[in-house]
>>> print(open('input03.cif').read())   # mmCIF, C-alpha atoms and all ligand atoms
data_coords
loop_
_atom_site.label_atom_id
_atom_site.label_comp_id
_atom_site.auth_asym_id
_atom_site.auth_seq_id
_atom_site.Cartn_x
_atom_site.Cartn_y
_atom_site.Cartn_z
CA MET A 1 218.91 38.07 -39.09
CA ALA A 2 222.04 40.20 -39.49
CA TYR A 3 225.32 38.41 -40.09
CA ASN A 4 227.58 40.07 -37.59
CA ARG A 5 228.96 37.06 -35.79
CA ARG A 6 232.68 36.87 -35.19
CA MET A 7 233.58 40.15 -36.84
CA THR A 8 237.22 40.60 -35.93
CA ASP A 9 239.70 43.39 -36.45
CA SER A 10 242.52 41.01 -37.18
CA PRO A 11 242.77 37.50 -38.59
CA ARG A 12 243.99 34.82 -36.22
CA SER A 13 246.79 33.69 -38.48
CA GLY A 14 248.72 35.41 -41.23
CA GLU A 15 248.20 32.69 -43.86
CA LEU A 16 245.05 32.34 -45.92
CA ASP A 17 244.15 30.05 -48.81
CA LEU A 18 241.68 32.63 -50.12
CA ALA A 19 241.15 36.30 -49.26
CA ILE A 20 237.82 37.76 -50.41
CA ILE A 21 238.09 41.54 -50.51
CA GLY A 22 234.64 43.07 -50.11
CA GLY A 23 231.69 41.45 -48.34
CA GLY A 24 228.83 42.73 -50.49
CA ALA A 25 226.66 40.39 -52.54
CA ALA A 26 229.48 39.21 -54.82
CA GLY A 27 232.01 38.55 -52.05
CA VAL A 28 229.46 36.64 -49.98
CA LEU A 29 228.40 34.60 -53.02
CA VAL A 30 232.04 33.62 -53.60
CA ALA A 31 232.37 32.60 -49.94
CA ILE A 32 229.17 30.53 -50.06
CA GLN A 33 230.33 28.66 -53.15
CA VAL A 34 233.79 27.95 -51.73
CA LEU A 35 232.34 26.80 -48.41
CA ARG A 36 229.86 24.50 -50.19
CA GLN A 37 232.51 22.97 -52.45
CA ALA A 38 235.55 22.76 -50.17
CA GLN A 39 236.71 19.21 -49.44
CA ALA A 40 239.54 20.29 -47.11
CA PRO A 41 239.81 22.72 -44.16
CA LEU A 42 240.78 25.70 -46.32
CA ALA A 43 241.35 29.02 -44.54
CA LEU A 44 239.33 31.81 -46.10
CA ALA A 45 238.53 35.32 -44.96
CA ILE A 46 236.17 38.07 -46.06
CA PHE A 47 237.56 41.57 -45.55
CA GLU A 48 234.66 44.01 -45.15
CA PRO A 49 234.76 47.28 -43.20
CA ALA A 50 230.95 47.68 -43.16
CA SER A 51 229.13 46.31 -40.12
CA GLN A 52 226.90 43.98 -42.14
CA LEU A 53 227.79 41.44 -44.78
CA ALA A 54 225.92 41.01 -48.10
CA GLN A 55 224.42 44.49 -48.10
CA GLY A 56 226.95 46.47 -50.13
CA ILE A 57 225.28 49.44 -51.79
CA ALA A 58 222.21 47.81 -53.31
CA TYR A 59 220.89 45.80 -50.37
CA ALA A 60 221.76 48.16 -47.49
CA THR A 61 218.47 50.03 -47.79
CA PRO A 62 216.08 49.27 -44.93
CA TRP A 63 213.15 50.97 -46.68
CA PRO A 64 210.28 48.88 -48.05
CA GLU A 65 209.80 51.03 -51.16
CA HIS A 66 213.24 50.00 -52.46
CA LEU A 67 212.59 46.85 -54.46
CA LEU A 68 214.68 44.33 -56.36
CA ASN A 69 214.63 45.02 -60.09
CA VAL A 70 214.36 41.30 -60.85
CA PRO A 71 211.35 39.08 -59.89
CA ALA A 72 211.91 36.92 -56.81
CA ALA A 73 211.80 33.67 -58.81
CA LYS A 74 214.91 34.79 -60.72
CA MET A 75 217.07 35.84 -57.74
CA SER A 76 218.30 32.46 -56.46
CA ALA A 77 221.98 32.36 -55.53
CA PHE A 78 222.26 28.84 -56.97
CA ALA A 79 221.85 27.88 -60.62
CA ASP A 80 220.88 24.31 -59.64
CA GLN A 81 218.26 25.50 -57.10
CA PRO A 82 216.30 28.19 -58.96
CA GLY A 83 213.60 28.36 -56.27
CA ASP A 84 216.02 28.93 -53.40
CA PHE A 85 215.27 32.63 -52.83
CA LEU A 86 211.55 31.83 -52.90
CA ASP A 87 212.15 29.08 -50.32
CA PHE A 88 213.87 31.67 -48.09
CA LEU A 89 211.05 34.22 -48.47
CA GLN A 90 208.42 31.62 -47.65
CA ALA A 91 210.36 30.26 -44.65
CA ALA A 92 210.77 33.84 -43.38
CA ASN A 93 207.02 34.45 -43.95
CA ALA A 94 208.02 37.65 -45.74
CA TYR A 95 204.70 37.98 -47.60
CA PRO A 96 202.18 36.07 -45.44
CA GLY A 97 199.52 34.19 -47.35
CA GLU A 98 200.94 34.94 -50.79
CA ALA A 99 200.90 31.94 -53.15
CA ARG A 100 204.36 30.81 -54.31
CA GLU A 101 203.66 31.49 -57.98
CA VAL A 102 202.47 35.04 -57.17
CA LEU A 103 205.49 35.62 -54.93
CA GLY A 104 207.76 34.42 -57.73
CA GLU A 105 206.55 37.26 -59.96
CA ARG A 106 206.88 39.89 -57.23
CA TYR A 107 209.65 42.50 -57.02
CA VAL A 108 210.34 42.12 -53.30
CA CYS A 109 212.05 44.53 -50.86
CA ARG A 110 215.80 44.64 -51.45
CA HIS A 111 216.72 44.11 -47.80
CA TYR A 112 215.38 40.56 -48.03
CA PHE A 113 218.14 39.69 -50.48
CA ALA A 114 220.88 40.63 -48.01
CA ALA A 115 219.12 38.63 -45.28
CA TYR A 116 218.91 35.67 -47.69
CA LEU A 117 222.62 35.74 -48.52
CA GLN A 118 223.52 36.15 -44.82
CA GLN A 119 221.47 33.06 -43.95
CA ARG A 120 222.89 30.95 -46.75
CA LEU A 121 226.41 32.00 -45.68
CA ARG A 122 225.76 30.89 -42.10
CA GLU A 123 224.42 27.56 -43.36
CA ALA A 124 227.33 26.97 -45.74
CA GLU A 125 229.80 27.77 -42.98
CA ALA A 126 228.13 25.38 -40.54
CA ALA A 127 228.06 22.52 -43.06
CA GLY A 128 231.41 23.00 -44.81
CA ALA A 129 234.96 21.80 -44.23
CA ALA A 130 236.53 25.23 -44.76
CA ARG A 131 237.09 27.84 -42.03
CA LEU A 132 235.75 31.36 -42.58
CA GLN A 133 236.93 34.51 -40.83
CA ILE A 134 235.21 37.86 -41.17
CA VAL A 135 237.70 40.69 -40.85
CA ALA A 136 236.29 44.19 -40.28
CA GLN A 137 239.10 45.94 -42.14
CA PRO A 138 239.49 47.37 -45.64
CA VAL A 139 242.33 46.05 -47.77
CA LEU A 140 244.42 49.03 -48.83
CA ALA A 141 247.07 47.36 -51.00
CA LEU A 142 247.89 44.06 -52.69
CA HIS A 143 251.45 43.03 -53.57
CA PRO A 144 252.01 39.85 -55.60
CA ASP A 145 254.85 37.55 -54.50
CA ASP A 146 256.04 34.06 -55.43
CA HIS A 147 253.29 32.29 -53.49
CA GLY A 148 250.32 34.62 -53.82
CA TYR A 149 249.69 38.08 -52.44
CA GLN A 150 250.62 40.23 -49.48
CA LEU A 151 247.59 42.16 -48.25
CA GLN A 152 247.93 45.43 -46.40
CA LEU A 153 244.98 46.13 -44.12
CA GLY A 154 243.57 49.42 -42.93
CA ASP A 155 244.99 48.93 -39.44
CA GLY A 156 248.53 48.57 -40.84
CA GLN A 157 248.68 44.78 -40.53
CA THR A 158 249.93 42.69 -43.44
CA LEU A 159 249.09 39.08 -44.15
CA HIS A 160 249.46 36.57 -46.92
CA ALA A 161 246.89 34.83 -49.14
CA ALA A 162 247.51 32.21 -51.80
CA GLN A 163 244.55 33.48 -53.84
CA VAL A 164 242.49 36.66 -53.82
CA ALA A 165 238.96 37.46 -55.03
CA ILE A 166 238.35 41.18 -55.49
CA ALA A 167 234.66 42.04 -54.92
CA THR A 168 234.78 45.71 -54.02
CA GLY A 169 231.73 46.75 -56.08
CA ASN A 170 230.92 50.21 -57.37
CA SER A 171 231.63 53.59 -55.81
CA MET A 172 229.64 56.79 -56.07
CA ARG A 173 231.10 58.96 -58.83
CA PRO A 174 231.89 62.60 -58.11
CA LEU A 175 229.09 65.03 -58.91
CA PRO A 176 229.76 66.00 -62.57
CA VAL A 177 228.96 69.67 -62.08
CA ASP A 178 231.24 72.73 -62.04
CA GLY A 179 231.64 74.01 -58.51
CA ALA A 180 230.61 70.72 -56.90
CA ASP A 181 233.90 70.57 -54.99
CA ALA A 182 233.02 73.85 -53.27
CA LEU A 183 229.74 72.56 -51.80
CA PRO A 184 229.89 72.17 -48.02
CA ALA A 185 229.91 68.45 -47.19
CA ASP A 186 226.84 68.91 -44.99
CA ASP A 187 224.86 70.11 -48.02
CA VAL A 188 225.54 66.98 -50.10
CA VAL A 189 223.34 63.89 -49.81
CA GLU A 190 224.28 60.99 -52.05
CA ALA A 191 221.52 58.95 -53.71
CA TRP A 192 222.77 55.82 -51.93
CA ASP A 193 222.46 57.49 -48.51
CA TYR A 194 219.03 55.92 -48.11
CA ASP A 195 218.16 57.59 -44.81
CA GLY A 196 219.59 60.95 -45.93
CA VAL A 197 217.42 61.07 -49.07
CA ARG A 198 214.28 60.49 -47.04
CA THR A 199 215.07 63.49 -44.84
CA LEU A 200 215.00 65.71 -47.97
CA ALA A 201 211.23 65.22 -48.23
CA SER A 202 209.53 68.58 -47.66
CA ASP A 203 207.29 71.07 -49.42
CA HIS A 204 210.28 72.59 -51.26
CA ALA A 205 210.90 72.32 -55.00
CA LEU A 206 213.40 69.58 -55.80
CA ALA A 207 215.33 68.75 -58.98
CA ILE A 208 216.69 65.23 -59.57
CA VAL A 209 219.60 65.09 -62.04
CA GLY A 210 219.92 61.64 -63.64
CA SER A 211 217.24 59.20 -64.72
CA GLY A 212 218.45 55.70 -63.83
CA LEU A 213 217.35 53.29 -61.13
CA SER A 214 218.76 55.44 -58.31
CA MET A 215 216.47 58.23 -59.56
CA ALA A 216 213.55 55.80 -59.16
CA ASP A 217 214.76 54.89 -55.65
CA THR A 218 214.96 58.60 -54.83
CA VAL A 219 211.45 59.43 -56.09
CA LEU A 220 209.99 56.49 -54.16
CA ALA A 221 211.81 57.49 -50.97
CA LEU A 222 210.66 61.12 -51.25
CA VAL A 223 207.05 60.05 -51.82
CA ALA A 224 207.24 57.61 -48.90
CA GLY A 225 208.78 60.37 -46.78
CA GLY A 226 205.82 62.66 -47.55
CA HIS A 227 207.37 65.07 -50.05
CA SER A 228 204.73 67.56 -51.17
CA GLY A 229 206.76 70.08 -53.18
CA PRO A 230 207.16 70.04 -56.96
C1 LIG A 301 220.92 51.19 -55.98
C2 LIG A 301 221.21 49.83 -56.58
C3 LIG A 301 220.18 48.88 -56.71
C4 LIG A 301 220.45 47.63 -57.28
N1 LIG A 301 219.43 46.72 -57.38
C5 LIG A 301 219.68 45.48 -57.89
C6 LIG A 301 218.65 44.49 -57.98
O1 LIG A 301 217.50 44.77 -57.64
N2 LIG A 301 218.95 43.26 -58.45
C7 LIG A 301 220.24 42.96 -58.87
O2 LIG A 301 220.48 41.81 -59.27
N3 LIG A 301 221.22 43.88 -58.79
C8 LIG A 301 220.98 45.12 -58.32
N4 LIG A 301 221.97 46.05 -58.28
C9 LIG A 301 223.30 45.68 -58.74
C10 LIG A 301 224.05 45.23 -57.48
O3 LIG A 301 224.93 46.26 -57.08
C11 LIG A 301 224.74 43.95 -57.69
O4 LIG A 301 223.78 42.95 -57.98
C12 LIG A 301 225.50 43.48 -56.47
O5 LIG A 301 224.92 43.91 -55.28
C13 LIG A 301 226.91 43.99 -56.55
O6 LIG A 301 227.58 43.35 -55.52
P1 LIG A 301 229.11 43.63 -55.25
O7 LIG A 301 229.46 42.72 -54.13
O8 LIG A 301 229.87 43.57 -56.52
O9 LIG A 301 229.19 45.15 -54.79
P2 LIG A 301 228.68 45.82 -53.45
O10 LIG A 301 227.39 45.18 -53.04
O11 LIG A 301 228.70 47.28 -53.67
O12 LIG A 301 229.75 45.42 -52.34
C14 LIG A 301 231.09 45.84 -52.37
C15 LIG A 301 231.60 45.74 -50.95
O13 LIG A 301 233.01 45.90 -50.98
C16 LIG A 301 233.39 46.63 -49.82
N5 LIG A 301 234.70 47.24 -50.10
C17 LIG A 301 234.97 48.25 -50.96
N6 LIG A 301 236.29 48.52 -50.97
C18 LIG A 301 236.88 47.65 -50.09
C19 LIG A 301 238.21 47.41 -49.65
N7 LIG A 301 239.24 48.13 -50.12
N8 LIG A 301 238.45 46.44 -48.74
C20 LIG A 301 237.43 45.69 -48.27
N9 LIG A 301 236.12 45.87 -48.63
C21 LIG A 301 235.85 46.84 -49.54
C22 LIG A 301 232.27 47.63 -49.62
O14 LIG A 301 232.23 48.08 -48.28
C23 LIG A 301 231.04 46.81 -50.02
O15 LIG A 301 230.41 46.20 -48.91
C24 LIG A 301 221.74 47.33 -57.75
C25 LIG A 301 222.75 48.28 -57.60
C26 LIG A 301 222.50 49.52 -57.04
C27 LIG A 301 223.61 50.52 -56.91
#
>>> encode(input="input03.cif", output="structure tokens")
Amino acid sequence: MAYNRRMTDSPRSGELDLAIIGGGAAGVLVAIQVLRQAQAPLALAIFEPASQLAQGIAYATPWPEHLLNVPAAKMSAFADQPGDFLDFLQAANAYPGEAREVLGERYVCRHYFAAYLQQRLREAEAAGAARLQIVAQPVLALHPDDHGYQLQLGDGQTLHAAQVAIATGNSMRPLPVDGADALPADDVVEAWDYDGVRTLASDHALAIVGSGLSMADTVLALVAGGHSGP
């Protein structure tokens, strides 16, 4: 189901009508809306260095214990089609035999949301008049000019876009602890390193600093990984 078709290192032409910087949930949602509404063959591109679109931080987890924090019936990408995410889940047979109204109340696995956005992007691209390129490069700099913006890519290329949507999401903040800079990189596992957290499960004592949703993700991953220490 992964959206990895036509990932390119460089756009085919230097001129874009719209550059979408970041291909997480927000960037992909922008692309879907533009593709659905475009009446002319606009040139748009998503710039995303990660290998998969629509995952970003939240939906990159492959683990089933990491759930959406919103019920499935409220996660549609389209205001005028509130049941659209439910339609996707049922078509994918994600929860076999579960009645639609029960599924609508369920907090489903987060990876389904990335798969949903990837599918809706493919469909919007196939049906729309606009042309979409996926460029596997970060955008390092933006310089406004008289007609839009010059974009500088990670590979040193520059190109021009009339309009830009910035959808680069959140970044992990530095560990707010004295001495954190001195920790060897191999000893640091970030909460959003979903596989890395699971490998911490052991019979050792473990302290979790912070009490937000990533704490809940971490506890669930440790339990699922078989953690038996305090
Ligand atoms: C752990 C976690 C769980 C969450 N769970 C939920 C949930 O259940 N339901 C919900 O509605 N929301 C949830 N959220 C909020 C969620 O982050 C947002 O709903 C949404 O995913 C944010 O999308 P985004 O595209 O803004 O950011 P992201 O999904 O983080 O995507 C940003 C993208 O930009 C790319 N990027 C960054 N810099 C550059 C650059 N210079 N050039 C090109 N690309 C770049 C990154 O590689 C990344 O793919 C959660 C957030 C977190 C952190």
>>> atom_distance(input="input03.cif", atom1="CA of Gln52 in chain A", atom2="CA of Leu220 in chain A")
24.2 Å
>>> residues_around(input="input03.cif", residues="range 96-108 of chain A", least_positions_apart="2", cutoff="10 Å", atoms="only C-alpha atoms", output="list in words")
Pro64, Glu65, His66, Leu67, Leu68, Asn69, Val70, Pro71, Ala72, Ala73, Lys74, Met75, Gly83, Phe85, Leu86, Asp87, Leu89, Gln90, Ala92, Asn93, Ala94, Arg110, His111, Tyr112 and Phe113 of chain A
>>> residues_around(input="input03.cif", residues="His147 in chain A", least_positions_apart="5", cutoff="9 Å", atoms="all atoms listed in the file", output="PyMOL selection string")
chain A and resi 160-163
>>> closest_atom_pairs(input="input03.cif", of="chain A", to="ligand LIG 301 (chain A)", cutoff="7 Å", atoms="all atoms listed in the file", output="CSV")
residue,atom,partner,partner_atom,distance
A:Ile21,CA,A:LIG301,C20,4.8
A:Gly22,CA,A:LIG301,O13,3.4
A:Gly23,CA,A:LIG301,O15,5.0
A:Gly24,CA,A:LIG301,O12,3.4
A:Ala25,CA,A:LIG301,O7,4.0
A:Ala26,CA,A:LIG301,O7,3.6
A:Gly27,CA,A:LIG301,O7,5.3
A:Phe47,CA,A:LIG301,C20,4.9
A:Glu48,CA,A:LIG301,N9,4.2
A:Pro49,CA,A:LIG301,O14,5.7
A:Ala50,CA,A:LIG301,O14,5.3
A:Leu53,CA,A:LIG301,O15,6.8
A:Ala54,CA,A:LIG301,O10,6.6
A:Gln55,CA,A:LIG301,O10,5.8
A:Gly56,CA,A:LIG301,O10,3.2
A:Ile57,CA,A:LIG301,O11,4.5
A:Ala58,CA,A:LIG301,C2,4.0
A:Tyr59,CA,A:LIG301,O5,6.6
A:Leu67,CA,A:LIG301,O1,6.2
A:Leu68,CA,A:LIG301,O1,3.1
A:Asn69,CA,A:LIG301,O1,3.8
A:Val70,CA,A:LIG301,N2,5.5
A:Arg110,CA,A:LIG301,O1,6.4
A:Gln137,CA,A:LIG301,C20,6.4
A:Pro138,CA,A:LIG301,N8,3.4
A:Val139,CA,A:LIG301,N8,4.0
A:Leu140,CA,A:LIG301,N7,5.4
A:Ala167,CA,A:LIG301,O8,5.3
A:Thr168,CA,A:LIG301,O13,3.5
A:Gly169,CA,A:LIG301,O9,3.3
A:Asn170,CA,A:LIG301,O11,5.2
A:Trp192,CA,A:LIG301,C1,6.4
A:Leu213,CA,A:LIG301,C1,6.6
A:Ser214,CA,A:LIG301,C1,5.3
>>> residues_around(input="input03.cif", residues="range 224-226 of chain A", least_positions_apart="3", cutoff="12 Å", atoms="all atoms listed in the file", output="list of chain:residue names")
A:Trp63, A:Pro64, A:Glu65, A:His66, A:Tyr194, A:Asp195, A:Gly196, A:Val197, A:Arg198, A:Thr199, A:Leu200, A:Ala201, A:Ser202, A:Asp203, A:His204, A:Asp217, A:Thr218, A:Val219, A:Leu220, A:Ala221, A:Gly229
>>> closest_residue(input="input03.cif", among="A:Met215, A:Ala38, A:Ile134, A:Ala45", to="Ala165 in chain A", atoms="only C-alpha atoms")
A:Ala45
>>> atom_distance(input="input03.cif", atom1="CA of Phe88 in chain A", atom2="CA of Gly128 in chain A")
19.8 Å
>>> closest_residue(input="input03.cif", among="A:Ala19, A:Leu44, A:Val177, A:Ala60", to="Leu132 in chain A", atoms="all atoms listed in the file")
A:Leu44
>>> atom_distance(input="input03.cif", atom1="CA of Ala191 in chain A", atom2="CA of Val30 in chain A")
27.4 Å
